[in-house]
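Chemist: Input file: target_24.json. Contents: JSON, N, CA and C atoms.
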[["chain", "number", "residue", "atom", "x", "y", "z"],
["T", 21, "MET", "N", 15.34, -7.66, -5.81],
["T", 21, "MET", "CA", 14.51, -7.94, -4.66],
["T", 21, "MET", "C", 13.08, -8.21, -5.15],
["T", 22, "PRO", "N", 12.38, -9.11, -4.49],
["T", 22, "PRO", "CA", 11.06, -9.49, -4.98],
["T", 22, "PRO", "C", 10.04, -8.36, -4.90],
["T", 23, "ASP", "N", 9.05, -8.44, -5.78],
["T", 23, "ASP", "CA", 7.99, -7.44, -5.82],
["T", 23, "ASP", "C", 7.09, -7.51, -4.60],
["T", 24, "ILE", "N", 7.11, -8.63, -3.88],
["T", 24, "ILE", "CA", 6.19, -8.81, -2.77],
["T", 24, "ILE", "C", 6.54, -7.95, -1.56],
["T", 25, "ALA", "N", 7.77, -7.46, -1.48],
["T", 25, "ALA", "CA", 8.17, -6.65, -0.33],
["T", 25, "ALA", "C", 7.62, -5.24, -0.45],
["T", 26, "GLN", "N", 7.05, -4.74, 0.63],
["T", 26, "GLN", "CA", 6.57, -3.36, 0.69],
["T", 26, "GLN", "C", 7.76, -2.46, 0.97],
["T", 27, "LEU", "N", 7.86, -1.33, 0.29],
["T", 27, "LEU", "CA", 8.96, -0.40, 0.50],
["T", 27, "LEU", "C", 8.60, 0.59, 1.60],
["T", 28, "TYR", "N", 9.50, 0.77, 2.55],
["T", 28, "TYR", "CA", 9.32, 1.72, 3.65],
["T", 28, "TYR", "C", 10.57, 2.58, 3.69],
["T", 29, "ASP", "N", 10.43, 3.84, 3.31],
["T", 29, "ASP", "CA", 11.55, 4.77, 3.24],
["T", 29, "ASP", "C", 11.73, 5.48, 4.58],
["T", 30, "LEU", "N", 12.81, 5.16, 5.26],
["T", 30, "LEU", "CA", 13.11, 5.75, 6.56],
["T", 30, "LEU", "C", 14.37, 6.62, 6.50],
["T", 31, "ARG", "N", 14.76, 7.00, 5.29],
["T", 31, "ARG", "CA", 15.95, 7.84, 5.14],
["T", 31, "ARG", "C", 15.71, 9.19, 5.81],
["T", 32, "GLY", "N", 16.76, 9.71, 6.45],
["T", 32, "GLY", "CA", 16.67, 10.98, 7.13],
["T", 32, "GLY", "C", 16.35, 10.86, 8.61],
["T", 33, "LEU", "N", 15.92, 9.69, 9.05],
["T", 33, "LEU", "CA", 15.61, 9.47, 10.47],
["T", 33, "LEU", "C", 16.82, 8.93, 11.21],
["T", 34, "LYS", "N", 17.00, 9.36, 12.43],
["T", 34, "LYS", "CA", 18.12, 8.92, 13.26],
["T", 34, "LYS", "C", 17.63, 7.98, 14.35],
["T", 35, "CYS", "N", 18.53, 7.19, 14.87],
["T", 35, "CYS", "CA", 18.28, 6.25, 15.94],
["T", 35, "CYS", "C", 17.59, 6.96, 17.11],
["T", 36, "PRO", "N", 16.53, 6.39, 17.64],
["T", 36, "PRO", "CA", 15.98, 5.05, 17.45],
["T", 36, "PRO", "C", 14.79, 4.99, 16.50],
["T", 37, "LEU", "N", 14.50, 6.08, 15.78],
["T", 37, "LEU", "CA", 13.28, 6.13, 14.96],
["T", 37, "LEU", "C", 13.18, 5.04, 13.89],
["T", 38, "PRO", "N", 14.26, 4.67, 13.16],
["T", 38, "PRO", "CA", 14.07, 3.61, 12.16],
["T", 38, "PRO", "C", 13.56, 2.30, 12.76],
["T", 39, "VAL", "N", 14.08, 1.91, 13.92],
["T", 39, "VAL", "CA", 13.62, 0.67, 14.55],
["T", 39, "VAL", "C", 12.20, 0.84, 15.08],
["T", 40, "LEU", "N", 11.91, 1.95, 15.72],
["T", 40, "LEU", "CA", 10.56, 2.15, 16.27],
["T", 40, "LEU", "C", 9.50, 2.15, 15.17],
["T", 41, "LYS", "N", 9.79, 2.83, 14.07],
["T", 41, "LYS", "CA", 8.82, 2.88, 12.96],
["T", 41, "LYS", "C", 8.71, 1.52, 12.28],
["T", 42, "THR", "N", 9.83, 0.80, 12.17],
["T", 42, "THR", "CA", 9.79, -0.54, 11.58],
["T", 42, "THR", "C", 8.95, -1.47, 12.44],
["T", 43, "ARG", "N", 9.15, -1.43, 13.73],
["T", 43, "ARG", "CA", 8.37, -2.28, 14.65],
["T", 43, "ARG", "C", 6.87, -1.98, 14.51],
["T", 44, "LYS", "N", 6.52, -0.71, 14.49],
["T", 44, "LYS", "CA", 5.11, -0.32, 14.36],
["T", 44, "LYS", "C", 4.52, -0.83, 13.04],
["T", 45, "ARG", "N", 5.29, -0.70, 11.97],
["T", 45, "ARG", "CA", 4.82, -1.16, 10.65],
["T", 45, "ARG", "C", 4.69, -2.68, 10.61],
["T", 46, "MET", "N", 5.67, -3.39, 11.18],
["T", 46, "MET", "CA", 5.64, -4.86, 11.18],
["T", 46, "MET", "C", 4.44, -5.37, 11.98],
["T", 47, "ASN", "N", 4.01, -4.64, 13.01],
["T", 47, "ASN", "CA", 2.86, -5.05, 13.81],
["T", 47, "ASN", "C", 1.57, -5.06, 13.00],
["T", 48, "THR", "N", 1.52, -4.32, 11.89],
["T", 48, "THR", "CA", 0.31, -4.28, 11.06],
["T", 48, "THR", "C", 0.34, -5.34, 9.95],
["T", 49, "MET", "N", 1.45, -6.06, 9.83],
["T", 49, "MET", "CA", 1.63, -7.01, 8.74],
["T", 49, "MET", "C", 1.31, -8.43, 9.19],
["T", 50, "SER", "N", 1.05, -9.29, 8.22],
["T", 50, "SER", "CA", 0.79, -10.70, 8.50],
["T", 50, "SER", "C", 2.09, -11.49, 8.46],
["T", 51, "ARG", "N", 2.11, -12.59, 9.19],
["T", 51, "ARG", "CA", 3.28, -13.48, 9.22],
["T", 51, "ARG", "C", 3.67, -13.88, 7.79],
["T", 52, "GLY", "N", 4.95, -13.79, 7.47],
["T", 52, "GLY", "CA", 5.45, -14.18, 6.15],
["T", 52, "GLY", "C", 5.54, -13.02, 5.17],
["T", 53, "GLU", "N", 4.87, -11.91, 5.46],
["T", 53, "GLU", "CA", 4.98, -10.74, 4.58],
["T", 53, "GLU", "C", 6.38, -10.13, 4.73],
["T", 54, "GLU", "N", 6.81, -9.44, 3.69],
["T", 54, "GLU", "CA", 8.14, -8.86, 3.70],
["T", 54, "GLU", "C", 8.08, -7.35, 3.60],
["T", 55, "LEU", "N", 9.05, -6.71, 4.25],
["T", 55, "LEU", "CA", 9.17, -5.26, 4.26],
["T", 55, "LEU", "C", 10.58, -4.91, 3.81],
["T", 56, "LEU", "N", 10.67, -4.00, 2.85],
["T", 56, "LEU", "CA", 11.95, -3.50, 2.36],
["T", 56, "LEU", "C", 12.15, -2.12, 2.97],
["T", 57, "ILE", "N", 13.22, -1.95, 3.72],
["T", 57, "ILE", "CA", 13.48, -0.71, 4.43],
["T", 57, "ILE", "C", 14.72, -0.04, 3.84],
["T", 58, "GLU", "N", 14.63, 1.26, 3.65],
["T", 58, "GLU", "CA", 15.79, 2.05, 3.26],
["T", 58, "GLU", "C", 16.01, 3.09, 4.35],
["T", 59, "THR", "N", 17.25, 3.19, 4.83],
["T", 59, "THR", "CA", 17.58, 4.11, 5.91],
["T", 59, "THR", "C", 18.95, 4.74, 5.67],
["T", 60, "SER", "N", 19.11, 5.94, 6.19],
["T", 60, "SER", "CA", 20.40, 6.63, 6.10],
["T", 60, "SER", "C", 21.09, 6.66, 7.46],
["T", 61, "ASP", "N", 20.48, 6.12, 8.48],
["T", 61, "ASP", "CA", 21.06, 6.10, 9.83],
["T", 61, "ASP", "C", 22.27, 5.16, 9.85],
["T", 62, "PRO", "N", 23.45, 5.67, 10.21],
["T", 62, "PRO", "CA", 24.65, 4.82, 10.21],
["T", 62, "PRO", "C", 24.59, 3.66, 11.20],
["T", 63, "LEU", "N", 23.77, 3.74, 12.22],
["T", 63, "LEU", "CA", 23.65, 2.66, 13.21],
["T", 63, "LEU", "C", 22.62, 1.61, 12.82],
["T", 64, "ALA", "N", 21.91, 1.82, 11.74],
["T", 64, "ALA", "CA", 20.85, 0.89, 11.34],
["T", 64, "ALA", "C", 21.38, -0.51, 11.06],
["T", 65, "GLY", "N", 22.59, -0.62, 10.57],
["T", 65, "GLY", "CA", 23.17, -1.93, 10.29],
["T", 65, "GLY", "C", 23.19, -2.82, 11.52],
["T", 66, "ILE", "N", 23.39, -2.23, 12.67],
["T", 66, "ILE", "CA", 23.39, -2.96, 13.94],
["T", 66, "ILE", "C", 21.98, -3.04, 14.50],
["T", 67, "ASP", "N", 21.29, -1.91, 14.51],
["T", 67, "ASP", "CA", 19.98, -1.82, 15.16],
["T", 67, "ASP", "C", 18.91, -2.69, 14.51],
["T", 68, "ILE", "N", 18.84, -2.70, 13.19],
["T", 68, "ILE", "CA", 17.80, -3.47, 12.50],
["T", 68, "ILE", "C", 18.04, -4.97, 12.69],
["T", 69, "ALA", "N", 19.29, -5.41, 12.60],
["T", 69, "ALA", "CA", 19.59, -6.83, 12.81],
["T", 69, "ALA", "C", 19.21, -7.26, 14.23],
["T", 70, "HIS", "N", 19.52, -6.42, 15.21],
["T", 70, "HIS", "CA", 19.18, -6.71, 16.60],
["T", 70, "HIS", "C", 17.65, -6.75, 16.78],
["T", 71, "PHE", "N", 16.96, -5.79, 16.18],
["T", 71, "PHE", "CA", 15.50, -5.76, 16.24],
["T", 71, "PHE", "C", 14.90, -7.07, 15.69],
["T", 72, "CYS", "N", 15.38, -7.50, 14.54],
["T", 72, "CYS", "CA", 14.86, -8.73, 13.93],
["T", 72, "CYS", "C", 15.08, -9.93, 14.85],
["T", 73, "HIS", "N", 16.26, -10.02, 15.41],
["T", 73, "HIS", "CA", 16.58, -11.14, 16.31],
["T", 73, "HIS", "C", 15.68, -11.11, 17.55],
["T", 74, "GLU", "N", 15.52, -9.95, 18.14],
["T", 74, "GLU", "CA", 14.72, -9.81, 19.37],
["T", 74, "GLU", "C", 13.23, -10.05, 19.13],
["T", 75, "ASP", "N", 12.72, -9.62, 17.98],
["T", 75, "ASP", "CA", 11.28, -9.71, 17.71],
["T", 75, "ASP", "C", 10.88, -10.95, 16.91],
["T", 76, "GLY", "N", 11.85, -11.78, 16.54],
["T", 76, "GLY", "CA", 11.55, -13.03, 15.85],
["T", 76, "GLY", "C", 11.28, -12.91, 14.36],
["T", 77, "HIS", "N", 11.81, -11.86, 13.73],
["T", 77, "HIS", "CA", 11.68, -11.69, 12.29],
["T", 77, "HIS", "C", 12.95, -12.18, 11.61],
["T", 78, "GLN", "N", 12.85, -12.47, 10.32],
["T", 78, "GLN", "CA", 14.00, -12.96, 9.57],
["T", 78, "GLN", "C", 14.57, -11.84, 8.71],
["T", 79, "LEU", "N", 15.83, -11.53, 8.93],
["T", 79, "LEU", "CA", 16.52, -10.53, 8.11],
["T", 79, "LEU", "C", 16.98, -11.24, 6.85],
["T", 80, "MET", "N", 16.26, -11.04, 5.75],
["T", 80, "MET", "CA", 16.51, -11.75, 4.50],
["T", 80, "MET", "C", 17.72, -11.18, 3.75],
["T", 81, "GLU", "N", 17.84, -9.86, 3.76],
["T", 81, "GLU", "CA", 18.95, -9.19, 3.08],
["T", 81, "GLU", "C", 19.33, -7.94, 3.84],
["T", 82, "SER", "N", 20.60, -7.64, 3.80],
["T", 82, "SER", "CA", 21.12, -6.41, 4.38],
["T", 82, "SER", "C", 22.23, -5.94, 3.46],
["T", 83, "GLU", "N", 22.12, -4.72, 2.97],
["T", 83, "GLU", "CA", 23.17, -4.22, 2.09],
["T", 83, "GLU", "C", 23.42, -2.74, 2.32],
["T", 84, "LYS", "N", 24.68, -2.38, 2.17],
["T", 84, "LYS", "CA", 25.07, -0.98, 2.26],
["T", 84, "LYS", "C", 24.76, -0.34, 0.92],
["T", 85, "THR", "N", 24.18, 0.84, 0.95],
["T", 85, "THR", "CA", 23.87, 1.59, -0.27],
["T", 85, "THR", "C", 24.68, 2.88, -0.27],
["T", 86, "GLU", "N", 24.58, 3.61, -1.35],
["T", 86, "GLU", "CA", 25.29, 4.86, -1.46],
["T", 86, "GLU", "C", 24.88, 5.85, -0.37],
["T", 87, "SER", "N", 23.60, 5.81, 0.01],
["T", 87, "SER", "CA", 23.10, 6.78, 1.00],
["T", 87, "SER", "C", 22.83, 6.17, 2.38],
["T", 88, "GLY", "N", 23.11, 4.89, 2.58],
["T", 88, "GLY", "CA", 22.85, 4.27, 3.88],
["T", 88, "GLY", "C", 22.78, 2.77, 3.81],
["T", 89, "HIS", "N", 21.63, 2.21, 4.17],
["T", 89, "HIS", "CA", 21.42, 0.76, 4.19],
["T", 89, "HIS", "C", 20.05, 0.41, 3.60],
["T", 90, "ARG", "N", 19.96, -0.83, 3.13],
["T", 90, "ARG", "CA", 18.69, -1.39, 2.67],
["T", 90, "ARG", "C", 18.55, -2.77, 3.32],
["T", 91, "PHE", "N", 17.37, -3.04, 3.85],
["T", 91, "PHE", "CA", 17.10, -4.31, 4.53],
["T", 91, "PHE", "C", 15.80, -4.89, 3.99],
["T", 92, "ARG", "N", 15.78, -6.21, 3.89],
["T", 92, "ARG", "CA", 14.54, -6.92, 3.57],
["T", 92, "ARG", "C", 14.25, -7.85, 4.74],
["T", 93, "ILE", "N", 13.10, -7.65, 5.36],
["T", 93, "ILE", "CA", 12.72, -8.37, 6.56],
["T", 93, "ILE", "C", 11.44, -9.17, 6.28],
["T", 94, "ARG", "N", 11.44, -10.43, 6.71],
["T", 94, "ARG", "CA", 10.23, -11.26, 6.63],
["T", 94, "ARG", "C", 9.66, -11.36, 8.04],
["T", 95, "LYS", "N", 8.39, -11.02, 8.16],
["T", 95, "LYS", "CA", 7.74, -11.07, 9.48],
["T", 95, "LYS", "C", 7.65, -12.50, 9.98],
["T", 96, "GLY", "N", 8.07, -12.69, 11.22],
["T", 96, "GLY", "CA", 8.03, -14.00, 11.85],
["T", 96, "GLY", "C", 6.77, -14.23, 12.65]]
What is this structure when it is put down as structure tokens?
Modeler:
Amino acid sequence: MPDIAQLYDLRGLKCPLPVLKTRKRMNTMSRGEELLIETSDPLAGIDIAHFCHEDGHQLMESEKTESGHRFRIRKG
């Protein structure tokens, strides 16, 4: 994953906190910046993709990890 993505560790948080915290963080970023999110919430695979679609961000990568999920989002 590129060095330009900021890492945001949301492991240990349950729905809806990963999406709420991601939205708040994305609001402070400039268009085109990327955020790398790590979460252990089992629903994040659905919730983060839906958040990106609804808020106009691009989900660049989504992968299952040993402890949860990792997402790379580009701000739209």
Chemist: Could you tell me which of T:Lys84, T:Arg94, T:Cys72, T:His77 comes closest to Val39 (chain T) if we count only C-alpha atoms?
Modeler: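 Among T:Lys84, T:Arg94, T:Cys72, T:His77, it is T:Cys72 that comes nearest to Val39 (chain T).
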Chemist: Rounded to one decimal place, report the atom N of Leu79 (chain T)-atom C of Leu63 (chain T) distance in Å.
Modeler: 15.3 Å
Chemist: Choose the residue, out of T:Glu53, T:Arg90, T:Asn47, T:Asp61, that has the smallest atom-to-atom separation from Leu33 (chain T); count only N, CA and C atoms.
Modeler: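 Closest residue, counting only N, CA and C atoms: T:Asp61.
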Chemist: Considering only strand (DSSP E) as DSSP defines it on the backbone, what residues of chain T qualify? List them as an MDAnalysis selection string.
Modeler: chainID T and resid 26:29 54:59 78:84 89:94
Chemist: Go ahead and write the residues just picked, N, CA and C atoms, as a short mmCIF file (atom, residue, chain, number, x, y, z; two decimals), in the coordinates of the input.
Modeler:
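Result went into again05.cif, see below:
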data_model
loop_
_atom_site.label_atom_id
_atom_site.label_comp_id
_atom_site.auth_asym_id
_atom_site.auth_seq_id
_atom_site.Cartn_x
_atom_site.Cartn_y
_atom_site.Cartn_z
N GLN T 26 7.05 -4.74 0.63
CA GLN T 26 6.57 -3.36 0.69
C GLN T 26 7.76 -2.46 0.97
N LEU T 27 7.86 -1.33 0.29
CA LEU T 27 8.96 -0.40 0.50
C LEU T 27 8.60 0.59 1.60
N TYR T 28 9.50 0.77 2.55
CA TYR T 28 9.32 1.72 3.65
C TYR T 28 10.57 2.58 3.69
N ASP T 29 10.43 3.84 3.31
CA ASP T 29 11.55 4.77 3.24
C ASP T 29 11.73 5.48 4.58
N GLU T 54 6.81 -9.44 3.69
CA GLU T 54 8.14 -8.86 3.70
C GLU T 54 8.08 -7.35 3.60
N LEU T 55 9.05 -6.71 4.25
CA LEU T 55 9.17 -5.26 4.26
C LEU T 55 10.58 -4.91 3.81
N LEU T 56 10.67 -4.00 2.85
CA LEU T 56 11.95 -3.50 2.36
C LEU T 56 12.15 -2.12 2.97
N ILE T 57 13.22 -1.95 3.72
CA ILE T 57 13.48 -0.71 4.43
C ILE T 57 14.72 -0.04 3.84
N GLU T 58 14.63 1.26 3.65
CA GLU T 58 15.79 2.05 3.26
C GLU T 58 16.01 3.09 4.35
N THR T 59 17.25 3.19 4.83
CA THR T 59 17.58 4.11 5.91
C THR T 59 18.95 4.74 5.67
N GLN T 78 12.85 -12.47 10.32
CA GLN T 78 14.00 -12.96 9.57
C GLN T 78 14.57 -11.84 8.71
N LEU T 79 15.83 -11.53 8.93
CA LEU T 79 16.52 -10.53 8.11
C LEU T 79 16.98 -11.24 6.85
N MET T 80 16.26 -11.04 5.75
CA MET T 80 16.51 -11.75 4.50
C MET T 80 17.72 -11.18 3.75
N GLU T 81 17.84 -9.86 3.76
CA GLU T 81 18.95 -9.19 3.08
C GLU T 81 19.33 -7.94 3.84
N SER T 82 20.60 -7.64 3.80
CA SER T 82 21.12 -6.41 4.38
C SER T 82 22.23 -5.94 3.46
N GLU T 83 22.12 -4.72 2.97
CA GLU T 83 23.17 -4.22 2.09
C GLU T 83 23.42 -2.74 2.32
N LYS T 84 24.68 -2.38 2.17
CA LYS T 84 25.07 -0.98 2.26
C LYS T 84 24.76 -0.34 0.92
N HIS T 89 21.63 2.21 4.17
CA HIS T 89 21.42 0.76 4.19
C HIS T 89 20.05 0.41 3.60
N ARG T 90 19.96 -0.83 3.13
CA ARG T 90 18.69 -1.39 2.67
C ARG T 90 18.55 -2.77 3.32
N PHE T 91 17.37 -3.04 3.85
CA PHE T 91 17.10 -4.31 4.53
C PHE T 91 15.80 -4.89 3.99
N ARG T 92 15.78 -6.21 3.89
CA ARG T 92 14.54 -6.92 3.57
C ARG T 92 14.25 -7.85 4.74
N ILE T 93 13.10 -7.65 5.36
CA ILE T 93 12.72 -8.37 6.56
C ILE T 93 11.44 -9.17 6.28
N ARG T 94 11.44 -10.43 6.71
CA ARG T 94 10.23 -11.26 6.63
C ARG T 94 9.66 -11.36 8.04
#
Chemist: Any idea what the distance is between atom C of Tyr28 (chain T) and atom C of Ile68 (chain T)?
Modeler: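 Answer for the atom C of Tyr28 (chain T) to atom C of Ile68 (chain T) separation: 13.9 Å.
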Chemist: Applying 6.5 Å and all atoms listed in the file, which residues near Leu27 (chain T) remain after dropping the ones on its own chain fewer than 3 positions away? List them as a list of chain:residue names.
Modeler: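 The contact residues come out as T:Leu55, T:Leu56, T:Ile57, T:Glu58.
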Chemist: Can you tell me how far atom N of Ser50 (chain T) sits from CA of Ile66 (chain T), in Å to one decimal?
Modeler: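 Distance reported for this atom pair: 23.9 Å.
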Chemist: Determine, counting all atoms listed in the file, which protein, DNA and RNA residues have an atom within 7 Å of an atom of Glu81 (chain T); residues of the same chain fewer than 5 positions away are not included. Present the result as an MDAnalysis selection string.
Modeler: chainID T and resid 90:93
Chemist: For a quick check of understanding, using all atoms listed in the file, which of T:Lys95, T:Gly88, T:Ser82, T:Met49 has the smallest distance to Arg31 (chain T)?
Modeler: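 For Arg31 (chain T), the nearest of the given residues is T:Gly88.
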Chemist: Can you check which residues of chain T DSSP gives as helix (DSSP H, G or I) on the backbone and send them as a count of residues only?
Modeler: 22
Chemist: For Gln26 (chain T), which residue among T:Asp75, T:Glu54, T:Asp67, T:Glu83 is the nearest when counting only C-alpha atoms?
Modeler: T:Glu54
Chemist: Counting all atoms listed in the file, which of T:Phe71, T:Pro62, T:Gly76, T:Ala25 gets nearest to His89 (chain T)?
Modeler: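 Of T:Phe71, T:Pro62, T:Gly76, T:Ala25, the one nearest His89 (chain T), counting all atoms listed in the file, is T:Pro62.
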